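Have a look at the structure below, then the notes.
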Amino acid sequence: MEKKILFPRTTVAGVDMPRMIAGTNWMLGFSHTSASADELIRMRNYNRDAIVKILEAYDTYGINAVMGPYGDNPVLADAVHAAEDKFGHEFIIVDTPIVNVDDNAAARKEAEARFKQSRDLGARFCLIHHYSAEQLVNKNKQEMPRLPDYLKMIRDNGMIPGLSAHMPELIVYSDQNEYDVQTYIQIYNCMGFLMQVEIEYINKVIWNAKKPVMTIKSMAAGRCSPFVGLTFSYATIRPCDMVTLGAFTPSEVHEDVEIALAAIERRQPDLEGRNSPAKSEIMQK
């Protein structure tokens with residue numbers, strides 16, 4: 001019987017986590033390319049059976065964490081729970097809710113309800129979406145007023161609080177002010193895609209972060225190859241940090257995991273060559 005290959009793991013706030021997290025853009029229809037590409041993704045993967053098949057490929061390597069906006073996509077939560085039933089173990093749900101952070105009683109009540117929804121969906125980690133979190137930033141004072149209120153709401157609902165930090169200041173200010181933020185999401189890729197400052201500075205932010213970082217967009221939403229994107233990410237983050245990887249098919253999961261393992265193990269990935277109508281004989285070997 002072939003030995004099962006398990007992906008390397010790390011620890012986040014006491015939780016045993018794989019260093020690769022299953023991303024969901026290629027399940028939910030967020031291509032970062034075009035409306036037609038979004039539609040293609042949704043036509044193929046926006047259903048429970050397709051998502052379960054993709055999660056099964058991740059599960060082959062013990063990759064049991066799934067990041068996504070669960071509250072706005074009930075099909076995702078349904079599929080993750082179906083996968084749990086099929087495979088006989090829990091998946092670690094990393095929810096990224098958009099919450100109303102207006103400074104009034106009605107908005108706070110709305111935020112509390114959204115965090116309760118995350119809890120009820122089974123989220124272990126609740127990372128406030130960057131759209132909401134960035135509204136709280138005060139660059140002049142280098143702080144995030146009222147953020148502790150929302151972090152407490154997350155704690156009160158039994159989840160581990162974190163921030164989706166597309167803006168790198170969120171990591172710096174959270175650590176500087178010792179907010180109860182246990183992990184971060186940070187865009188990080190070799191092309192600088194959607195990154196707010198240069199790659200070298202984000203690398204420094206990640207390495208100086210007091211908590212583990214969950215990086216996203218490693219392949220710049222398809223703008224670079226998996227070999228280039230994943231090799232760069234795993235070569236330049238810390239052993240405690242993670243890469244969030246989305247895949248369109250189960251086969252892509254297997255290819256990308258092999259590339260990531262090769263990067264971590266400092267070896268050449270064992271992959272089939274690409275199809276091409278005009279390869280010379282030497283290139284086919």
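Here's how to read the names in the structure tokens: chain A, B, ... by the order shown, residue numbers from 1 in each chain, ligand numbers from 1 in the order shown.
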Per DSSP on the backbone, what are the strand (DSSP E) residues of region 31-188 of chain A, as a list in words?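 Residues meeting the strand (DSSP E) criterion: Ala65, Val66, Met67, Gly68, Ile92, Ile93, Val94, Asp95, Ala123, Arg124, Phe125, Cys126, Leu127, Ile128, Ile160, Pro161, Gly162, Leu163, Ser164, Tyr184, Ile185, Gln186 and Ile187 of chain A.
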With a distance cut-off of 12 Å and only C-alpha atoms, select the neighbouring residues of Ile154 (chain A), excluding the residue or stretch itself and same-chain residues fewer than 2 positions from it, and output the selection as JSON, numbers by chain. {"A": [95, 96, 97, 99, 111, 112, 113, 114, 115, 116, 117, 118, 119, 123, 124, 125, 126, 127, 128, 147, 148, 149, 150, 151, 152, 156, 157, 158, 159, 160, 161, 162, 163, 180, 181, 182]}
Just to confirm, what's the straight-line distance from CA of Val213 (chain A) to CA of Met242 (chain A) in Å (one decimal)?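 Computed distance, CA of Val213 (chain A) to CA of Met242 (chain A), equals 6.3 Å.
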Which residues, written as a PDB file with all heavy atoms, in the first residue's frame, have at least one atom at most 10 Å from Phe232 (chain A), with only C-alpha atoms counted and residues fewer than 3 positions away on the same chain left out?
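Written out: result09.pdb:
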```pdb
ATOM      1  N   TYR A 188       0.337  38.065  -1.090  1.00  0.00           N
ATOM      2  CA  TYR A 188       1.788  37.955  -1.275  1.00  0.00           C
ATOM      3  C   TYR A 188       2.056  37.089  -2.498  1.00  0.00           C
ATOM      4  O   TYR A 188       1.689  35.911  -2.524  1.00  0.00           O
ATOM      5  CB  TYR A 188       2.421  37.334  -0.030  1.00  0.00           C
ATOM      6  CG  TYR A 188       3.929  37.263  -0.059  1.00  0.00           C
ATOM      7  CD1 TYR A 188       4.701  38.416  -0.138  1.00  0.00           C
ATOM      8  CD2 TYR A 188       4.588  36.037   0.019  1.00  0.00           C
ATOM      9  CE1 TYR A 188       6.090  38.350  -0.156  1.00  0.00           C
ATOM     10  CE2 TYR A 188       5.974  35.960   0.018  1.00  0.00           C
ATOM     11  CZ  TYR A 188       6.718  37.124  -0.071  1.00  0.00           C
ATOM     12  OH  TYR A 188       8.087  37.059  -0.075  1.00  0.00           O
ATOM     13  N   ASN A 189       2.667  37.666  -3.508  1.00  0.00           N
ATOM     14  CA  ASN A 189       2.996  36.890  -4.705  1.00  0.00           C
ATOM     15  C   ASN A 189       4.158  37.543  -5.441  1.00  0.00           C
ATOM     16  O   ASN A 189       4.490  38.709  -5.203  1.00  0.00           O
ATOM     17  CB  ASN A 189       1.780  36.738  -5.618  1.00  0.00           C
ATOM     18  CG  ASN A 189       1.192  38.072  -6.040  1.00  0.00           C
ATOM     19  OD1 ASN A 189       1.747  38.778  -6.875  1.00  0.00           O
ATOM     20  ND2 ASN A 189       0.064  38.449  -5.425  1.00  0.00           N
ATOM     21  N   CYS A 190       4.761  36.781  -6.334  1.00  0.00           N
ATOM     22  CA  CYS A 190       5.984  37.225  -7.008  1.00  0.00           C
ATOM     23  C   CYS A 190       5.743  38.338  -8.015  1.00  0.00           C
ATOM     24  O   CYS A 190       6.704  38.955  -8.498  1.00  0.00           O
ATOM     25  CB  CYS A 190       6.649  36.040  -7.704  1.00  0.00           C
ATOM     26  SG  CYS A 190       5.641  35.298  -9.016  1.00  0.00           S
ATOM     27  N   SER A 218      -1.010  33.468  -4.330  1.00  0.00           N
ATOM     28  CA  SER A 218       0.373  33.075  -4.621  1.00  0.00           C
ATOM     29  C   SER A 218       0.655  33.008  -6.112  1.00  0.00           C
ATOM     30  O   SER A 218       1.800  33.207  -6.546  1.00  0.00           O
ATOM     31  CB  SER A 218       0.692  31.727  -3.972  1.00  0.00           C
ATOM     32  OG  SER A 218      -0.155  30.712  -4.496  1.00  0.00           O
ATOM     33  N   MET A 219      -0.365  32.708  -6.924  1.00  0.00           N
ATOM     34  CA  MET A 219      -0.182  32.659  -8.378  1.00  0.00           C
ATOM     35  C   MET A 219      -0.768  33.883  -9.063  1.00  0.00           C
ATOM     36  O   MET A 219      -1.013  33.877 -10.272  1.00  0.00           O
ATOM     37  CB  MET A 219      -0.774  31.375  -8.939  1.00  0.00           C
ATOM     38  CG  MET A 219       0.057  30.146  -8.601  1.00  0.00           C
ATOM     39  SD  MET A 219      -0.714  28.620  -9.131  1.00  0.00           S
ATOM     40  CE  MET A 219      -1.662  28.166  -7.689  1.00  0.00           C
ATOM     41  N   PRO A 226       1.938  27.886 -11.586  1.00  0.00           N
ATOM     42  CA  PRO A 226       2.056  27.350 -10.225  1.00  0.00           C
ATOM     43  C   PRO A 226       3.498  27.123  -9.794  1.00  0.00           C
ATOM     44  O   PRO A 226       3.856  27.388  -8.644  1.00  0.00           O
ATOM     45  CB  PRO A 226       1.279  26.030 -10.308  1.00  0.00           C
ATOM     46  CG  PRO A 226       0.283  26.246 -11.400  1.00  0.00           C
ATOM     47  CD  PRO A 226       0.986  27.104 -12.408  1.00  0.00           C
ATOM     48  N   PHE A 227       4.345  26.659 -10.731  1.00  0.00           N
ATOM     49  CA  PHE A 227       5.746  26.428 -10.378  1.00  0.00           C
ATOM     50  C   PHE A 227       6.419  27.715  -9.913  1.00  0.00           C
ATOM     51  O   PHE A 227       7.107  27.749  -8.888  1.00  0.00           O
ATOM     52  CB  PHE A 227       6.506  25.841 -11.569  1.00  0.00           C
ATOM     53  CG  PHE A 227       7.979  25.680 -11.318  1.00  0.00           C
ATOM     54  CD1 PHE A 227       8.459  24.643 -10.528  1.00  0.00           C
ATOM     55  CD2 PHE A 227       8.889  26.582 -11.846  1.00  0.00           C
ATOM     56  CE1 PHE A 227       9.818  24.501 -10.285  1.00  0.00           C
ATOM     57  CE2 PHE A 227      10.248  26.455 -11.606  1.00  0.00           C
ATOM     58  CZ  PHE A 227      10.715  25.407 -10.825  1.00  0.00           C
ATOM     59  N   VAL A 228       6.187  28.785 -10.634  1.00  0.00           N
ATOM     60  CA  VAL A 228       6.815  30.059 -10.278  1.00  0.00           C
ATOM     61  C   VAL A 228       6.199  30.617  -8.993  1.00  0.00           C
ATOM     62  O   VAL A 228       6.909  31.011  -8.063  1.00  0.00           O
ATOM     63  CB  VAL A 228       6.677  31.074 -11.432  1.00  0.00           C
ATOM     64  CG1 VAL A 228       7.182  32.451 -11.004  1.00  0.00           C
ATOM     65  CG2 VAL A 228       7.431  30.592 -12.653  1.00  0.00           C
ATOM     66  N   GLY A 229       4.879  30.655  -8.944  1.00  0.00           N
ATOM     67  CA  GLY A 229       4.203  31.279  -7.813  1.00  0.00           C
ATOM     68  C   GLY A 229       4.408  30.548  -6.500  1.00  0.00           C
ATOM     69  O   GLY A 229       4.742  31.158  -5.478  1.00  0.00           O
ATOM     70  N   ALA A 235       9.516  29.587  -0.679  1.00  0.00           N
ATOM     71  CA  ALA A 235      10.939  29.897  -0.490  1.00  0.00           C
ATOM     72  C   ALA A 235      11.159  31.166   0.317  1.00  0.00           C
ATOM     73  O   ALA A 235      12.249  31.375   0.851  1.00  0.00           O
ATOM     74  CB  ALA A 235      11.634  30.021  -1.848  1.00  0.00           C
ATOM     75  N   THR A 236      10.115  32.014   0.434  1.00  0.00           N
ATOM     76  CA  THR A 236      10.334  33.338   1.027  1.00  0.00           C
ATOM     77  C   THR A 236       9.457  33.638   2.239  1.00  0.00           C
ATOM     78  O   THR A 236       9.514  34.752   2.760  1.00  0.00           O
ATOM     79  CB  THR A 236      10.123  34.442  -0.029  1.00  0.00           C
ATOM     80  OG1 THR A 236       8.801  34.353  -0.566  1.00  0.00           O
ATOM     81  CG2 THR A 236      11.140  34.314  -1.152  1.00  0.00           C
ATOM     82  N   ILE A 237       8.653  32.672   2.693  1.00  0.00           N
ATOM     83  CA  ILE A 237       7.906  32.851   3.941  1.00  0.00           C
ATOM     84  C   ILE A 237       8.549  32.019   5.035  1.00  0.00           C
ATOM     85  O   ILE A 237       9.458  31.225   4.788  1.00  0.00           O
ATOM     86  CB  ILE A 237       6.410  32.491   3.778  1.00  0.00           C
ATOM     87  CG1 ILE A 237       6.244  31.034   3.343  1.00  0.00           C
ATOM     88  CG2 ILE A 237       5.745  33.447   2.797  1.00  0.00           C
ATOM     89  CD1 ILE A 237       4.783  30.569   3.266  1.00  0.00           C
ATOM     90  N   ALA A 260       4.494  22.502  -4.456  1.00  0.00           N
ATOM     91  CA  ALA A 260       4.730  23.097  -3.144  1.00  0.00           C
ATOM     92  C   ALA A 260       5.651  22.228  -2.294  1.00  0.00           C
ATOM     93  O   ALA A 260       6.573  22.732  -1.635  1.00  0.00           O
ATOM     94  CB  ALA A 260       3.396  23.317  -2.430  1.00  0.00           C
ATOM     95  N   ALA A 263       9.169  22.588  -3.463  1.00  0.00           N
ATOM     96  CA  ALA A 263       9.766  23.854  -3.023  1.00  0.00           C
ATOM     97  C   ALA A 263      10.225  23.766  -1.573  1.00  0.00           C
ATOM     98  O   ALA A 263      11.320  24.223  -1.225  1.00  0.00           O
ATOM     99  CB  ALA A 263       8.760  24.983  -3.203  1.00  0.00           C
TER     100      ALA A 263
END
```
Residue list (helix (DSSP H, G or I), DSSP) for region 6-174 of chain A, as a VMD selection string: chain A and resid 25 to 28 35 to 45 48 to 59 70 to 72 74 to 87 105 to 121 130 to 136 147 to 156 169 to 174
Could you name the residues that touch region 86-94 of chain A at 9 Å or less, counting only C-alpha atoms, but leaving out those on the same chain fewer than 6 positions away, as a ChimeraX atom specification? /A:17,52,56,59,63-70,77,80,121-127
Compare A:Gly192, A:Gly222, A:Pro145, A:Pro239 by their minimum atom-to-atom distance to Leu170 (chain A), counting only C-alpha atoms, and give me the closest one. A:Pro145
Of the candidates A:Val197, A:Asp49, A:Leu76, A:Thr183, which one gets nearest to Val15 (chain A) if we count only C-alpha atoms?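 Closest to Val15 (chain A), using only C-alpha atoms: A:Thr183.
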Nearest to Asn25 (chain A) by atom-to-atom distance, counting only C-alpha atoms, from A:Leu194, A:Ala221, A:Leu271, A:Val253: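 Using only C-alpha atoms, the shortest distance to Asn25 (chain A) belongs to A:Ala221.
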Quick one: everything within 10 Å of Thr10 (chain A), counting only C-alpha atoms, minus sequence neighbours fewer than 6 positions away in the same chain. Send it as a PyMOL selection string. chain A and resi 16-20+212+239-242
Counting only C-alpha atoms, which of A:Asn100, A:Thr11, A:Thr24, A:Asn45 gets nearest to Lys217 (chain A)?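 That would be A:Thr24, the residue with the smallest distance to Lys217 (chain A).
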Could you please determine the separation between CA of Ala35 (chain A) and CA of Arg274 (chain A) in Å, to one decimal place?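 Distance reported for this atom pair: 27.2 Å.
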Restricting the calculation to only C-alpha atoms, which member of A:Met43, A:Ala37, A:Cys224, A:Val257 is positioned closest to Ile5 (chain A)?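 Distance minimum relative to Ile5 (chain A) lands on A:Val257.
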